[in-house]
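Student: Supplied in structure tokens, the structure appears directly below.
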Number of protein chains: 2
Amino acid sequence: MTTPTLDVFQVIGDPSRRKMLMLLSEDSLTINSLADNFDMSRPAVSKHIKILYNAGFISIQDIGRERYCTLKQDGFKELQHWISYFDKFWTTKLKKLETLLNNKLSN
Amino acid sequence: MTTPTLDVFQVIGDPSRRKMLMLLSEDSLTINSLADNFDMSRPAVSKHIKILYNAGFISIQDIGRERYCTLKQDGFKELQHWISYFDKFWTTKLKKLETLLNNKLSN
DNA sequence: ATAATAAGTAACTTTAAGGTTACATAAAAG
DNA sequence: CTTTTATGTAACCTTAAAGTTACTTATTAT
């Protein structure tokens, strides 16, 4: 199962991985306890975890034979940055419309 | 070219579509003028536009035989909502750590 | 009317993501 | 030390996204 290197956008494109992030937002979980929440095989979950890890969405602490997954901010920051670019776009667009309207009214 | 119905996360998972959104954040563009910015064929661009449209990222105004694409907020809002959930996660996590630390110090 | 331009549609191909099963490894428990 | 449990890895299969070319439709220009 060759793990592809995906960018943060592709990573959250998969519904299963989004669900994993949601679950981990409630609690740190081991691979197996995460897998309990999915229909897919455990190796499949394992692969998703690797992808989330590589993209900086989670960190992993090995405790004995178990691996605890915890949310990590790095991956999210890239997304926030992208979104905030468009946030700015909308607010400046709104301002431009306001200015335009004001000019119209004062004619 | 059957157009798949993709959710907003899958939609921005594609680098070409993200580039299209970036280009449209500078100006409204026709399909052809958009296509000039890409290596792929015009029908391929056309398909991406349809996907962006279906997911609420752009609106389209037909002017004669041309179609002008303009950014639309709907698609972005879903993303913002998802991101903001995790934003909250991080801030509350920080608060919890602060409280914990304060309690430790006052012992 | 005819040619050129803008764009959509149909049919098809390729590729890689996402899944599977089978096997390997390492830690904990009996 | 043998067994069970937690996980990783390898080899493989399936499917759908993303691209292609060829053709159609509709508007504009000559």
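Residue numbering restarts at 1 for every chain of the structure tokens, chains are lettered A, B, ... in their displayed order, and ligands are numbered from 1 as they appear.
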Distance limit 7 Å, atoms considered: only C-alpha atoms (C1' of nucleotides). Which chain B residues sit that close to chain D? Return them as a list in words.
Tutor: Ala44, Gly64 and Arg65 of chain B
Student: Present chain A as a compact mmCIF listing (two decimals) with N, CA, C and O atoms, in the first residue's frame, least-squares fitted onto chain B over all of its C-alpha atoms paired in order.
Tutor:
# COMPACT_ATOMS: atom_id res chain seq x y z
N MET A 1 -18.03 13.44 -21.21
CA MET A 1 -17.34 13.83 -19.96
C MET A 1 -18.36 14.01 -18.85
O MET A 1 -18.81 15.10 -18.56
N THR A 2 -18.78 12.92 -18.25
CA THR A 2 -19.78 12.99 -17.19
C THR A 2 -19.23 13.77 -16.00
O THR A 2 -18.21 13.41 -15.44
N THR A 3 -19.92 14.84 -15.66
CA THR A 3 -19.44 15.67 -14.55
C THR A 3 -19.84 15.08 -13.22
O THR A 3 -21.02 14.96 -12.92
N PRO A 4 -18.83 14.70 -12.41
CA PRO A 4 -19.15 14.15 -11.10
C PRO A 4 -19.62 15.25 -10.15
O PRO A 4 -19.21 16.40 -10.28
N THR A 5 -20.50 14.90 -9.24
CA THR A 5 -20.91 15.87 -8.23
C THR A 5 -19.99 15.72 -7.02
O THR A 5 -20.01 14.70 -6.33
N LEU A 6 -19.18 16.73 -6.81
CA LEU A 6 -18.18 16.68 -5.75
C LEU A 6 -18.56 17.63 -4.63
O LEU A 6 -19.14 18.69 -4.87
N ASP A 7 -18.22 17.26 -3.40
CA ASP A 7 -18.44 18.19 -2.29
C ASP A 7 -17.34 19.26 -2.28
O ASP A 7 -16.31 19.10 -2.94
N VAL A 8 -17.56 20.31 -1.53
CA VAL A 8 -16.63 21.45 -1.55
C VAL A 8 -15.19 21.07 -1.23
O VAL A 8 -14.26 21.67 -1.76
N PHE A 9 -15.01 20.08 -0.40
CA PHE A 9 -13.66 19.68 -0.02
C PHE A 9 -12.95 19.00 -1.19
O PHE A 9 -11.77 19.28 -1.45
N GLN A 10 -13.68 18.13 -1.87
CA GLN A 10 -13.10 17.49 -3.05
C GLN A 10 -12.83 18.52 -4.14
O GLN A 10 -11.85 18.43 -4.86
N VAL A 11 -13.72 19.49 -4.22
CA VAL A 11 -13.59 20.51 -5.27
C VAL A 11 -12.27 21.26 -5.14
O VAL A 11 -11.55 21.44 -6.12
N ILE A 12 -11.94 21.70 -3.92
CA ILE A 12 -10.69 22.45 -3.77
C ILE A 12 -9.49 21.53 -3.62
O ILE A 12 -8.35 22.00 -3.50
N GLY A 13 -9.73 20.24 -3.67
CA GLY A 13 -8.62 19.29 -3.63
C GLY A 13 -7.80 19.31 -4.90
O GLY A 13 -6.63 18.94 -4.89
N ASP A 14 -8.38 19.77 -5.97
CA ASP A 14 -7.67 19.81 -7.25
C ASP A 14 -6.93 21.14 -7.44
O ASP A 14 -7.53 22.21 -7.37
N PRO A 15 -5.61 21.06 -7.69
CA PRO A 15 -4.78 22.27 -7.82
C PRO A 15 -5.24 23.19 -8.95
O PRO A 15 -5.20 24.42 -8.78
N SER A 16 -5.68 22.62 -10.04
CA SER A 16 -6.15 23.44 -11.16
C SER A 16 -7.35 24.28 -10.75
O SER A 16 -7.45 25.46 -11.09
N ARG A 17 -8.26 23.65 -10.01
CA ARG A 17 -9.46 24.39 -9.60
C ARG A 17 -9.10 25.48 -8.59
O ARG A 17 -9.68 26.57 -8.61
N ARG A 18 -8.14 25.21 -7.72
CA ARG A 18 -7.70 26.27 -6.79
C ARG A 18 -7.10 27.43 -7.56
O ARG A 18 -7.35 28.59 -7.24
N LYS A 19 -6.31 27.10 -8.59
CA LYS A 19 -5.71 28.15 -9.42
C LYS A 19 -6.80 28.97 -10.10
O LYS A 19 -6.70 30.20 -10.19
N MET A 20 -7.84 28.31 -10.56
CA MET A 20 -8.97 29.01 -11.20
C MET A 20 -9.61 29.99 -10.23
O MET A 20 -9.91 31.13 -10.59
N LEU A 21 -9.81 29.55 -9.00
CA LEU A 21 -10.42 30.43 -7.99
C LEU A 21 -9.52 31.64 -7.74
O LEU A 21 -10.00 32.76 -7.61
N MET A 22 -8.21 31.39 -7.69
CA MET A 22 -7.26 32.48 -7.50
C MET A 22 -7.35 33.49 -8.65
O MET A 22 -7.41 34.70 -8.43
N LEU A 23 -7.37 32.99 -9.86
CA LEU A 23 -7.47 33.86 -11.04
C LEU A 23 -8.76 34.67 -11.00
O LEU A 23 -8.76 35.87 -11.29
N LEU A 24 -9.84 34.01 -10.61
CA LEU A 24 -11.13 34.70 -10.57
C LEU A 24 -11.23 35.69 -9.41
O LEU A 24 -12.09 36.56 -9.41
N SER A 25 -10.33 35.55 -8.44
CA SER A 25 -10.32 36.52 -7.34
C SER A 25 -9.74 37.85 -7.80
O SER A 25 -9.91 38.87 -7.15
N GLU A 26 -9.07 37.83 -8.96
CA GLU A 26 -8.53 39.07 -9.51
C GLU A 26 -9.48 39.70 -10.51
O GLU A 26 -9.51 40.91 -10.67
N ASP A 27 -10.23 38.84 -11.19
CA ASP A 27 -11.10 39.34 -12.25
C ASP A 27 -12.11 38.27 -12.66
O ASP A 27 -11.79 37.09 -12.61
N SER A 28 -13.26 38.70 -13.08
CA SER A 28 -14.19 37.78 -13.73
C SER A 28 -13.65 37.44 -15.10
O SER A 28 -13.11 38.31 -15.79
N LEU A 29 -13.76 36.18 -15.49
CA LEU A 29 -13.16 35.75 -16.75
C LEU A 29 -14.11 34.83 -17.52
O LEU A 29 -14.93 34.13 -16.92
N THR A 30 -13.95 34.81 -18.83
CA THR A 30 -14.68 33.85 -19.64
C THR A 30 -13.97 32.51 -19.57
O THR A 30 -12.82 32.42 -19.14
N ILE A 31 -14.65 31.47 -20.02
CA ILE A 31 -14.06 30.14 -20.02
C ILE A 31 -12.74 30.13 -20.80
O ILE A 31 -11.73 29.62 -20.34
N ASN A 32 -12.77 30.73 -21.98
CA ASN A 32 -11.58 30.74 -22.82
C ASN A 32 -10.42 31.52 -22.22
O ASN A 32 -9.28 31.07 -22.25
N SER A 33 -10.71 32.68 -21.66
CA SER A 33 -9.63 33.48 -21.08
C SER A 33 -9.07 32.77 -19.85
O SER A 33 -7.87 32.88 -19.55
N LEU A 34 -9.91 32.03 -19.16
CA LEU A 34 -9.43 31.20 -18.05
C LEU A 34 -8.51 30.11 -18.59
O LEU A 34 -7.40 29.90 -18.08
N ALA A 35 -8.97 29.46 -19.66
CA ALA A 35 -8.25 28.33 -20.24
C ALA A 35 -6.85 28.71 -20.70
O ALA A 35 -5.94 27.88 -20.70
N ASP A 36 -6.68 29.99 -21.08
CA ASP A 36 -5.36 30.46 -21.51
C ASP A 36 -4.30 30.25 -20.45
O ASP A 36 -3.11 30.15 -20.75
N ASN A 37 -4.74 30.19 -19.19
CA ASN A 37 -3.78 30.06 -18.09
C ASN A 37 -3.41 28.62 -17.77
O ASN A 37 -2.67 28.36 -16.83
N PHE A 38 -3.92 27.69 -18.56
CA PHE A 38 -3.69 26.28 -18.25
C PHE A 38 -3.16 25.51 -19.46
O PHE A 38 -3.39 25.89 -20.60
N ASP A 39 -2.46 24.44 -19.15
CA ASP A 39 -1.93 23.57 -20.21
C ASP A 39 -3.00 22.64 -20.75
O ASP A 39 -2.89 22.16 -21.87
N MET A 40 -4.00 22.37 -19.97
CA MET A 40 -5.01 21.39 -20.38
C MET A 40 -5.91 21.94 -21.48
O MET A 40 -5.93 23.13 -21.75
N SER A 41 -6.62 21.03 -22.11
CA SER A 41 -7.54 21.40 -23.20
C SER A 41 -8.70 22.25 -22.67
O SER A 41 -9.01 22.23 -21.48
N ARG A 42 -9.35 22.95 -23.58
CA ARG A 42 -10.46 23.80 -23.17
C ARG A 42 -11.63 23.01 -22.60
O ARG A 42 -12.20 23.40 -21.57
N PRO A 43 -11.99 21.87 -23.21
CA PRO A 43 -13.05 21.06 -22.60
C PRO A 43 -12.75 20.65 -21.16
O PRO A 43 -13.66 20.57 -20.33
N ALA A 44 -11.48 20.39 -20.88
CA ALA A 44 -11.10 20.03 -19.52
C ALA A 44 -11.39 21.19 -18.57
O ALA A 44 -11.96 21.00 -17.49
N VAL A 45 -11.01 22.39 -18.99
CA VAL A 45 -11.29 23.59 -18.20
C VAL A 45 -12.79 23.73 -18.00
O VAL A 45 -13.28 23.98 -16.90
N SER A 46 -13.51 23.53 -19.07
CA SER A 46 -14.96 23.62 -19.06
C SER A 46 -15.56 22.70 -17.99
O SER A 46 -16.49 23.09 -17.28
N LYS A 47 -15.01 21.53 -17.88
CA LYS A 47 -15.51 20.57 -16.90
C LYS A 47 -15.25 21.07 -15.47
O LYS A 47 -16.12 21.00 -14.61
N HIS A 48 -14.04 21.58 -15.27
CA HIS A 48 -13.71 22.12 -13.94
C HIS A 48 -14.65 23.25 -13.55
O HIS A 48 -15.09 23.34 -12.40
N ILE A 49 -14.94 24.09 -14.53
CA ILE A 49 -15.85 25.21 -14.29
C ILE A 49 -17.22 24.70 -13.83
O ILE A 49 -17.81 25.23 -12.89
N LYS A 50 -17.67 23.66 -14.49
CA LYS A 50 -18.96 23.07 -14.14
C LYS A 50 -18.94 22.57 -12.70
O LYS A 50 -19.90 22.74 -11.95
N ILE A 51 -17.85 21.95 -12.34
CA ILE A 51 -17.69 21.42 -10.98
C ILE A 51 -17.69 22.57 -9.96
O ILE A 51 -18.36 22.49 -8.93
N LEU A 52 -16.95 23.62 -10.27
CA LEU A 52 -16.90 24.79 -9.39
C LEU A 52 -18.29 25.43 -9.26
O LEU A 52 -18.71 25.85 -8.18
N TYR A 53 -18.98 25.46 -10.38
CA TYR A 53 -20.33 26.03 -10.39
C TYR A 53 -21.28 25.19 -9.54
O TYR A 53 -21.98 25.73 -8.66
N ASN A 54 -21.27 23.89 -9.76
CA ASN A 54 -22.17 23.00 -9.02
C ASN A 54 -21.92 23.04 -7.51
O ASN A 54 -22.84 22.85 -6.72
N ALA A 55 -20.69 23.30 -7.12
CA ALA A 55 -20.36 23.34 -5.70
C ALA A 55 -20.55 24.73 -5.10
O ALA A 55 -20.31 24.95 -3.92
N GLY A 56 -20.99 25.68 -5.92
CA GLY A 56 -21.29 27.02 -5.40
C GLY A 56 -20.11 27.94 -5.22
O GLY A 56 -20.16 28.88 -4.43
N PHE A 57 -19.04 27.69 -5.96
CA PHE A 57 -17.86 28.55 -5.86
C PHE A 57 -17.88 29.71 -6.86
O PHE A 57 -17.18 30.69 -6.68
N ILE A 58 -18.65 29.53 -7.92
CA ILE A 58 -18.74 30.59 -8.93
C ILE A 58 -20.16 30.72 -9.46
O ILE A 58 -20.95 29.79 -9.39
N SER A 59 -20.44 31.91 -9.97
CA SER A 59 -21.67 32.12 -10.73
C SER A 59 -21.27 32.41 -12.17
O SER A 59 -20.12 32.75 -12.44
N ILE A 60 -22.21 32.26 -13.07
CA ILE A 60 -21.90 32.44 -14.49
C ILE A 60 -22.95 33.31 -15.14
O ILE A 60 -24.15 33.09 -14.98
N GLN A 61 -22.48 34.36 -15.84
CA GLN A 61 -23.40 35.18 -16.62
C GLN A 61 -23.11 34.99 -18.11
O GLN A 61 -21.99 35.23 -18.56
N ASP A 62 -24.12 34.61 -18.84
CA ASP A 62 -23.97 34.48 -20.29
C ASP A 62 -24.12 35.84 -20.93
O ASP A 62 -25.15 36.52 -20.75
N ILE A 63 -23.09 36.24 -21.67
CA ILE A 63 -23.18 37.47 -22.45
C ILE A 63 -22.89 37.09 -23.89
O ILE A 63 -21.75 36.85 -24.26
N GLY A 64 -23.94 37.02 -24.66
CA GLY A 64 -23.80 36.53 -26.04
C GLY A 64 -23.31 35.10 -26.02
O GLY A 64 -23.87 34.26 -25.34
N ARG A 65 -22.25 34.86 -26.76
CA ARG A 65 -21.73 33.48 -26.79
C ARG A 65 -20.67 33.26 -25.73
O ARG A 65 -20.11 32.18 -25.62
N GLU A 66 -20.39 34.28 -24.93
CA GLU A 66 -19.38 34.15 -23.88
C GLU A 66 -20.02 33.90 -22.53
O GLU A 66 -21.15 34.32 -22.29
N ARG A 67 -19.25 33.22 -21.66
CA ARG A 67 -19.75 32.96 -20.31
C ARG A 67 -18.76 33.53 -19.30
O ARG A 67 -17.63 33.06 -19.19
N TYR A 68 -19.19 34.52 -18.57
CA TYR A 68 -18.31 35.13 -17.57
C TYR A 68 -18.46 34.43 -16.22
O TYR A 68 -19.56 34.30 -15.69
N CYS A 69 -17.33 34.02 -15.68
CA CYS A 69 -17.31 33.35 -14.38
C CYS A 69 -16.92 34.33 -13.29
O CYS A 69 -15.95 35.07 -13.44
N THR A 70 -17.65 34.33 -12.22
CA THR A 70 -17.40 35.23 -11.09
C THR A 70 -17.44 34.44 -9.80
O THR A 70 -18.25 33.53 -9.65
N LEU A 71 -16.57 34.77 -8.88
CA LEU A 71 -16.56 34.09 -7.59
C LEU A 71 -17.89 34.26 -6.87
O LEU A 71 -18.51 35.31 -6.94
N LYS A 72 -18.27 33.22 -6.16
CA LYS A 72 -19.52 33.23 -5.40
C LYS A 72 -19.20 32.71 -4.00
O LYS A 72 -18.39 31.79 -3.84
N GLN A 73 -19.83 33.27 -3.00
CA GLN A 73 -19.40 33.00 -1.62
C GLN A 73 -19.83 31.63 -1.08
O GLN A 73 -19.18 31.07 -0.21
N ASP A 74 -20.92 31.12 -1.59
CA ASP A 74 -21.54 29.90 -1.04
C ASP A 74 -20.55 28.77 -0.75
O ASP A 74 -20.50 28.24 0.36
N GLY A 75 -19.80 28.39 -1.75
CA GLY A 75 -18.86 27.28 -1.59
C GLY A 75 -17.86 27.52 -0.48
O GLY A 75 -17.57 26.63 0.32
N PHE A 76 -17.37 28.76 -0.42
CA PHE A 76 -16.37 29.11 0.58
C PHE A 76 -16.92 29.02 2.00
O PHE A 76 -16.20 28.67 2.93
N LYS A 77 -18.19 29.36 2.14
CA LYS A 77 -18.78 29.38 3.48
C LYS A 77 -18.75 28.02 4.15
O LYS A 77 -18.47 27.91 5.34
N GLU A 78 -19.01 26.98 3.36
CA GLU A 78 -18.95 25.63 3.92
C GLU A 78 -17.56 25.32 4.46
O GLU A 78 -17.41 24.72 5.53
N LEU A 79 -16.56 25.73 3.71
CA LEU A 79 -15.18 25.49 4.14
C LEU A 79 -14.86 26.28 5.41
O LEU A 79 -14.28 25.75 6.35
N GLN A 80 -15.25 27.55 5.41
CA GLN A 80 -15.02 28.40 6.58
C GLN A 80 -15.63 27.78 7.82
O GLN A 80 -15.02 27.78 8.89
N HIS A 81 -16.84 27.26 7.65
CA HIS A 81 -17.54 26.67 8.77
C HIS A 81 -16.74 25.50 9.35
O HIS A 81 -16.57 25.38 10.57
N TRP A 82 -16.26 24.66 8.46
CA TRP A 82 -15.49 23.49 8.88
C TRP A 82 -14.21 23.92 9.59
O TRP A 82 -13.88 23.42 10.66
N ILE A 83 -13.51 24.83 8.99
CA ILE A 83 -12.25 25.33 9.57
C ILE A 83 -12.50 25.96 10.94
O ILE A 83 -11.73 25.73 11.88
N SER A 84 -13.58 26.73 11.03
CA SER A 84 -13.82 27.46 12.29
C SER A 84 -14.09 26.48 13.44
O SER A 84 -13.81 26.79 14.60
N TYR A 85 -14.64 25.31 13.11
CA TYR A 85 -14.83 24.29 14.14
C TYR A 85 -13.49 23.94 14.78
O TYR A 85 -13.37 23.85 16.00
N PHE A 86 -12.50 23.76 13.94
CA PHE A 86 -11.18 23.38 14.46
C PHE A 86 -10.45 24.57 15.06
O PHE A 86 -9.67 24.42 16.00
N ASP A 87 -10.71 25.76 14.55
CA ASP A 87 -10.19 26.98 15.18
C ASP A 87 -10.59 26.99 16.65
O ASP A 87 -9.78 27.22 17.54
N LYS A 88 -11.88 26.75 16.88
CA LYS A 88 -12.40 26.73 18.25
C LYS A 88 -11.69 25.65 19.05
O LYS A 88 -11.32 25.87 20.21
N PHE A 89 -11.50 24.50 18.44
CA PHE A 89 -10.80 23.41 19.10
C PHE A 89 -9.45 23.87 19.65
O PHE A 89 -9.11 23.63 20.80
N TRP A 90 -8.69 24.57 18.82
CA TRP A 90 -7.35 24.99 19.24
C TRP A 90 -7.39 26.02 20.35
O TRP A 90 -6.59 25.96 21.29
N THR A 91 -8.31 26.97 20.24
CA THR A 91 -8.36 28.00 21.27
C THR A 91 -8.82 27.43 22.62
O THR A 91 -8.26 27.78 23.66
N THR A 92 -9.80 26.52 22.59
CA THR A 92 -10.24 25.95 23.86
C THR A 92 -9.16 25.04 24.44
O THR A 92 -8.97 24.97 25.65
N LYS A 93 -8.43 24.36 23.57
CA LYS A 93 -7.33 23.52 24.03
C LYS A 93 -6.28 24.37 24.75
O LYS A 93 -5.77 24.00 25.81
N LEU A 94 -6.01 25.53 24.16
CA LEU A 94 -5.04 26.45 24.75
C LEU A 94 -5.51 26.91 26.12
O LEU A 94 -4.73 26.94 27.09
N LYS A 95 -6.79 27.24 26.20
CA LYS A 95 -7.35 27.69 27.47
C LYS A 95 -7.22 26.62 28.54
O LYS A 95 -6.87 26.90 29.68
N LYS A 96 -7.54 25.39 28.15
CA LYS A 96 -7.45 24.27 29.09
C LYS A 96 -6.03 24.13 29.63
O LYS A 96 -5.82 23.89 30.82
N LEU A 97 -5.06 24.27 28.76
CA LEU A 97 -3.66 24.16 29.17
C LEU A 97 -3.30 25.26 30.15
O LEU A 97 -2.62 25.03 31.14
N GLU A 98 -3.80 26.46 29.85
CA GLU A 98 -3.55 27.60 30.74
C GLU A 98 -4.09 27.35 32.14
O GLU A 98 -3.40 27.56 33.14
N THR A 99 -5.35 26.91 32.18
CA THR A 99 -5.98 26.63 33.46
C THR A 99 -5.20 25.58 34.23
O THR A 99 -4.93 25.74 35.43
N LEU A 100 -4.81 24.54 33.52
CA LEU A 100 -4.04 23.46 34.11
C LEU A 100 -2.74 23.98 34.72
O LEU A 100 -2.38 23.68 35.87
N LEU A 101 -2.08 24.83 33.95
CA LEU A 101 -0.80 25.39 34.37
C LEU A 101 -0.97 26.27 35.60
O LEU A 101 -0.20 26.20 36.57
N ASN A 102 -2.02 27.10 35.58
CA ASN A 102 -2.30 27.98 36.71
C ASN A 102 -2.54 27.18 37.99
O ASN A 102 -2.05 27.55 39.06
N ASN A 103 -3.29 26.11 37.86
CA ASN A 103 -3.58 25.27 39.01
C ASN A 103 -2.30 24.65 39.57
O ASN A 103 -2.11 24.57 40.78
N LYS A 104 -1.46 24.21 38.69
CA LYS A 104 -0.17 23.62 39.07
C LYS A 104 0.66 24.63 39.87
O LYS A 104 1.22 24.33 40.92
N LEU A 105 0.72 25.86 39.34
CA LEU A 105 1.55 26.90 39.94
C LEU A 105 1.06 27.31 41.32
O LEU A 105 1.84 27.65 42.20
N SER A 106 -0.24 27.27 41.51
CA SER A 106 -0.80 27.72 42.79
C SER A 106 -0.81 26.62 43.84
O SER A 106 -1.39 26.77 44.91
N ASN A 107 -0.18 25.50 43.51
CA ASN A 107 -0.05 24.42 44.51
C ASN A 107 1.24 24.59 45.34
O ASN A 107 2.24 25.06 44.85
Student: Pick out the chain C residues within 8 Å of chain A. Count only C-alpha atoms (C1' of nucleotides). Give them as a PDB file with N, CA and C atoms (P, O5', C5', C4', C3', O3' and C1' of nucleotides), in the first residue's frame.
Tutor:
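Output below, filename out_10.pdb:
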ATOM      1  P    DG C  18      -7.877   9.047  -1.417  1.00  0.00           P
ATOM      2  O5'  DG C  18      -8.492   7.590  -1.237  1.00  0.00           O
ATOM      3  C5'  DG C  18      -9.755   7.291  -1.825  1.00  0.00           C
ATOM      4  C4'  DG C  18     -10.027   5.819  -1.672  1.00  0.00           C
ATOM      5  C3'  DG C  18      -9.799   5.300  -0.242  1.00  0.00           C
ATOM      6  O3'  DG C  18     -10.961   4.629   0.205  1.00  0.00           O
ATOM      7  C1'  DG C  18      -8.721   3.922  -1.829  1.00  0.00           C
ATOM      8  P    DG C  19     -11.047   4.147   1.719  1.00  0.00           P
ATOM      9  O5'  DG C  19     -10.933   2.554   1.583  1.00  0.00           O
ATOM     10  C5'  DG C  19     -12.016   1.824   1.036  1.00  0.00           C
ATOM     11  C4'  DG C  19     -11.544   0.572   0.360  1.00  0.00           C
ATOM     12  C3'  DG C  19     -10.969  -0.520   1.263  1.00  0.00           C
ATOM     13  O3'  DG C  19     -11.987  -1.246   1.916  1.00  0.00           O
ATOM     14  C1'  DG C  19      -9.813  -0.377  -0.822  1.00  0.00           C
ATOM     15  P    DT C  20     -11.542  -2.287   3.074  1.00  0.00           P
ATOM     16  O5'  DT C  20     -10.994  -3.567   2.281  1.00  0.00           O
ATOM     17  C5'  DT C  20     -11.774  -4.165   1.236  1.00  0.00           C
ATOM     18  C4'  DT C  20     -10.958  -5.260   0.576  1.00  0.00           C
ATOM     19  C3'  DT C  20     -10.333  -6.241   1.553  1.00  0.00           C
ATOM     20  O3'  DT C  20     -11.145  -7.384   1.690  1.00  0.00           O
ATOM     21  C1'  DT C  20      -8.722  -5.495  -0.070  1.00  0.00           C
ATOM     22  P    DA C  26      10.809  -6.045  15.031  1.00  0.00           P
ATOM     23  O5'  DA C  26      10.191  -5.313  16.286  1.00  0.00           O
ATOM     24  C5'  DA C  26       9.137  -4.354  16.123  1.00  0.00           C
ATOM     25  C4'  DA C  26       8.188  -4.458  17.286  1.00  0.00           C
ATOM     26  C3'  DA C  26       8.827  -4.911  18.608  1.00  0.00           C
ATOM     27  O3'  DA C  26       8.243  -4.155  19.629  1.00  0.00           O
ATOM     28  C1'  DA C  26       6.990  -6.222  18.158  1.00  0.00           C
ATOM     29  P    DA C  27       9.153  -3.647  20.886  1.00  0.00           P
ATOM     30  O5'  DA C  27       8.056  -3.579  22.043  1.00  0.00           O
ATOM     31  C5'  DA C  27       6.905  -2.764  21.824  1.00  0.00           C
ATOM     32  C4'  DA C  27       5.704  -3.437  22.444  1.00  0.00           C
ATOM     33  C3'  DA C  27       5.876  -3.808  23.924  1.00  0.00           C
ATOM     34  O3'  DA C  27       4.747  -3.329  24.603  1.00  0.00           O
ATOM     35  C1'  DA C  27       5.053  -5.654  22.706  1.00  0.00           C
TER      36       DA C  27
END
Student: Mind checking DSSP for stretch 12-107 of chain B and telling me the strand (DSSP E) residues as a PyMOL selection string?
Tutor: chain B and resi 29-30+58-63+66-71
Student: Using the selection just defined, write its residues with N, CA and C atoms as a PDB file, in the first residue's frame.
Tutor:
ATOM      1  N   LEU B  29     -13.772  36.179 -15.505  1.00  0.00           N
ATOM      2  CA  LEU B  29     -13.181  35.745 -16.766  1.00  0.00           C
ATOM      3  C   LEU B  29     -14.124  34.821 -17.533  1.00  0.00           C
ATOM      4  N   THR B  30     -13.967  34.809 -18.838  1.00  0.00           N
ATOM      5  CA  THR B  30     -14.710  33.848 -19.648  1.00  0.00           C
ATOM      6  C   THR B  30     -13.994  32.497 -19.588  1.00  0.00           C
ATOM      7  N   ILE B  58     -18.642  29.526  -7.916  1.00  0.00           N
ATOM      8  CA  ILE B  58     -18.718  30.589  -8.916  1.00  0.00           C
ATOM      9  C   ILE B  58     -20.137  30.731  -9.446  1.00  0.00           C
ATOM     10  N   SER B  59     -20.430  31.913  -9.958  1.00  0.00           N
ATOM     11  CA  SER B  59     -21.661  32.137 -10.716  1.00  0.00           C
ATOM     12  C   SER B  59     -21.252  32.422 -12.151  1.00  0.00           C
ATOM     13  N   ILE B  60     -22.201  32.258 -13.053  1.00  0.00           N
ATOM     14  CA  ILE B  60     -21.894  32.430 -14.471  1.00  0.00           C
ATOM     15  C   ILE B  60     -22.941  33.315 -15.130  1.00  0.00           C
ATOM     16  N   GLN B  61     -22.476  34.350 -15.826  1.00  0.00           N
ATOM     17  CA  GLN B  61     -23.399  35.172 -16.608  1.00  0.00           C
ATOM     18  C   GLN B  61     -23.115  34.997 -18.095  1.00  0.00           C
ATOM     19  N   ASP B  62     -24.138  34.599 -18.819  1.00  0.00           N
ATOM     20  CA  ASP B  62     -23.985  34.459 -20.266  1.00  0.00           C
ATOM     21  C   ASP B  62     -24.146  35.821 -20.918  1.00  0.00           C
ATOM     22  N   ILE B  63     -23.120  36.214 -21.645  1.00  0.00           N
ATOM     23  CA  ILE B  63     -23.197  37.445 -22.422  1.00  0.00           C
ATOM     24  C   ILE B  63     -22.911  37.060 -23.861  1.00  0.00           C
ATOM     25  N   GLU B  66     -20.412  34.240 -24.922  1.00  0.00           N
ATOM     26  CA  GLU B  66     -19.410  34.113 -23.867  1.00  0.00           C
ATOM     27  C   GLU B  66     -20.057  33.870 -22.505  1.00  0.00           C
ATOM     28  N   ARG B  67     -19.284  33.204 -21.636  1.00  0.00           N
ATOM     29  CA  ARG B  67     -19.768  32.947 -20.282  1.00  0.00           C
ATOM     30  C   ARG B  67     -18.776  33.528 -19.282  1.00  0.00           C
ATOM     31  N   TYR B  68     -19.214  34.518 -18.551  1.00  0.00           N
ATOM     32  CA  TYR B  68     -18.325  35.123 -17.563  1.00  0.00           C
ATOM     33  C   TYR B  68     -18.476  34.443 -16.215  1.00  0.00           C
ATOM     34  N   CYS B  69     -17.340  34.015 -15.677  1.00  0.00           N
ATOM     35  CA  CYS B  69     -17.308  33.339 -14.380  1.00  0.00           C
ATOM     36  C   CYS B  69     -16.901  34.328 -13.304  1.00  0.00           C
ATOM     37  N   THR B  70     -17.644  34.332 -12.206  1.00  0.00           N
ATOM     38  CA  THR B  70     -17.388  35.234 -11.094  1.00  0.00           C
ATOM     39  C   THR B  70     -17.421  34.439  -9.796  1.00  0.00           C
ATOM     40  N   LEU B  71     -16.538  34.772  -8.880  1.00  0.00           N
ATOM     41  CA  LEU B  71     -16.526  34.090  -7.588  1.00  0.00           C
ATOM     42  C   LEU B  71     -17.854  34.273  -6.861  1.00  0.00           C
TER      43      LEU B  71
END
Student: Give me every alpha helix (DSSP H) residue in chain A, going by DSSP on the backbone, as number ranges by chain.
Tutor: A: 8-11, 15-26, 31-35, 42-54, 73-105
